[in-house]
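Scroll down for the structure; my scribbles are underneath it.
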Amino acid sequence: MSRSVRSTECTTSTCNIHSQYNASSSASFQDLSRMLTIQFGTGSLTGRLGHENINMGGVILEDQPFGQILSTVGEVFSLPFDGICGLSYRMTDSVEACFLDGIKKSERLNEKAFTFYFGKNESSLILGAPDKSIRGDDVEWYEVSNKYYWEAKLKDVKIGGTSLLNNTFQDSFSAVFDTGTSVMTMPTAQATMAMTLLRDMGLSCQMIRDGKAPEICYEFEGESKKSICVHNWYENAEGVDESSLSSCAPALMTLDLARENVLILGQPYVTKQ
């Protein structure tokens, strides 16, 4: 996926409240004469592809494919962001707009890497090697099983020590790391089992507020037996009436894909470990 920014050709009220890109003012812009359509979970956009030299916080990526957003659908585009930076792998050979290629080709980056940092007061996307105050020397690496998403093979998923996958030996499951997804996702069967387990464990608003609600752990395949546990993967229960249990629940959504059993580790994993 490419970097996409709002074009001055988009004249809707949603576009007008954001910074916009004017292709006619750039000497380095090249029009690819190809349209772009992207569907998200919370909206969609259409636009036109082009090439441009893109400055990301002082790092210039030359001749980078990008999308000029011409129209949007969904309230999410009213939020305070001016564009979208997609960091998936090149999904098909016919897709030209892959931002990762720009990072790989850049002669200005000694380390071909990107890092997301989420702090209490600020967040950032860092290209190249981050400062050691953000990323220390103790880095855990997970093998990418499918260069489509940032995806790794799962051995099991457990809530409070109880498996969600122990009855599905013939199926293969993967975890996808995605900062652009605001919740955790599971296939319907596993999500239903998770909600049943939490109900049987007596999940309550008070348990969530006290930090005593069950954690969810993702166990990965491989000799290293790596696992990631997320403690606070619940919706904010502050000020919620205890009788309204539907508001005291995990930040979890069902997602069924035709060919894969995928569980997405979204923002609760990134920001609430």
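Naming scheme: A, B, ... for chains in displayed order of the structure tokens; residues 1 onward per chain; ligands 1 onward as shown.
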
List the spatial neighbours of Ser88 (chain A) as an mmCIF file with C-alpha atoms, in the first residue's frame - criterion: any atom at most 8 Å away, only C-alpha atoms, same-chain residues fewer than 2 positions off excluded.
```
data_model
loop_
_atom_site.group_PDB
_atom_site.id
_atom_site.type_symbol
_atom_site.label_atom_id
_atom_site.label_comp_id
_atom_site.auth_asym_id
_atom_site.auth_seq_id
_atom_site.Cartn_x
_atom_site.Cartn_y
_atom_site.Cartn_z
ATOM 1 C CA MET A 1 0.000 0.000 0.000
ATOM 2 C CA GLY A 86 0.370 2.057 4.334
ATOM 3 C CA ARG A 90 3.561 -5.404 -2.153
ATOM 4 C CA MET A 91 0.313 -7.353 -2.420
ATOM 5 C CA CYS A 98 4.476 0.071 -2.153
ATOM 6 C CA PHE A 99 5.938 2.371 0.483
ATOM 7 C CA LEU A 100 8.318 -0.336 1.747
ATOM 8 C CA TYR A 148 1.399 -9.886 2.412
ATOM 9 C CA TYR A 149 0.556 -8.632 5.884
ATOM 10 C CA TRP A 150 3.061 -8.492 8.747
#
```

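Assigned to alpha helix (DSSP H) in region 15-250 of chain A, given DSSP computed from backbone atoms, are Cys15, Asn16, Phe99, Leu100, Asp101, Gly102, Ile103, Lys104, Lys105, Thr188, Ala189, Gln190, Ala191, Thr192, Met193, Ala194, Met195, Thr196, Leu197, Leu198, Arg199, Asp200, Cys205, Gln206, Met207, Ile208 and Arg209 of chain A.
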
Please produce a file of the residues just selected, as a short mmCIF file (atom, residue, chain, number, x, y, z; two decimals), in the first residue's frame, where the atoms kept are C-alpha atoms.
```cif
data_model
loop_
_atom_site.label_atom_id
_atom_site.label_comp_id
_atom_site.auth_asym_id
_atom_site.auth_seq_id
_atom_site.Cartn_x
_atom_site.Cartn_y
_atom_site.Cartn_z
CA CYS A 15 -11.10 17.32 2.69
CA ASN A 16 -11.23 21.06 3.22
CA PHE A 99 5.94 2.37 0.48
CA LEU A 100 8.32 -0.34 1.75
CA ASP A 101 10.12 -0.25 -1.61
CA GLY A 102 10.83 3.43 -1.06
CA ILE A 103 12.37 2.68 2.34
CA LYS A 104 14.46 -0.16 0.89
CA LYS A 105 15.79 1.94 -1.99
CA THR A 188 -16.17 -15.68 14.52
CA ALA A 189 -15.67 -19.12 16.11
CA GLN A 190 -12.73 -17.97 18.24
CA ALA A 191 -14.34 -14.64 19.13
CA THR A 192 -17.49 -16.45 20.29
CA MET A 193 -15.40 -18.81 22.41
CA ALA A 194 -13.47 -15.87 23.87
CA MET A 195 -16.64 -14.05 24.92
CA THR A 196 -18.03 -17.24 26.47
CA LEU A 197 -14.81 -17.77 28.43
CA LEU A 198 -14.81 -14.21 29.74
CA ARG A 199 -18.44 -14.52 30.80
CA ASP A 200 -17.70 -17.79 32.61
CA CYS A 205 -16.34 -3.54 34.90
CA GLN A 206 -14.68 -3.57 38.32
CA MET A 207 -12.26 -6.33 37.28
CA ILE A 208 -11.24 -4.26 34.25
CA ARG A 209 -10.83 -1.08 36.32
#
```

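One distance worth recording is that between CA of Gly47 (chain A) and CA of Ser26 (chain A), which is 17.8 Å.
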
Query raised in the report: Near Lys226 (chain A), counting only C-alpha atoms, which residues have an atom at most 10 Å away, once you skip same-chain residues fewer than 4 positions from it, shown as a ChimeraX atom specification?
Result: /A:140-142,154-155,218-222

Report task. Name the residues of region 56-197 of chain A that fall into strand (DSSP E or B) according to DSSP on the backbone, using the chain letters and numbers of this document, as an NGL selection string. Result -> :A and (56 or 59-73 or 83-85 or 114-118 or 123-127 or 147 or 149 or 151-159 or 162-163 or 173-177 or 184-186)

Requested in this report: Mind giving me the straight-line distance from CA of Glu143 (chain A) to CA of Gly119 (chain A) in Å, one decimal?
Outcome: 26.2 Å
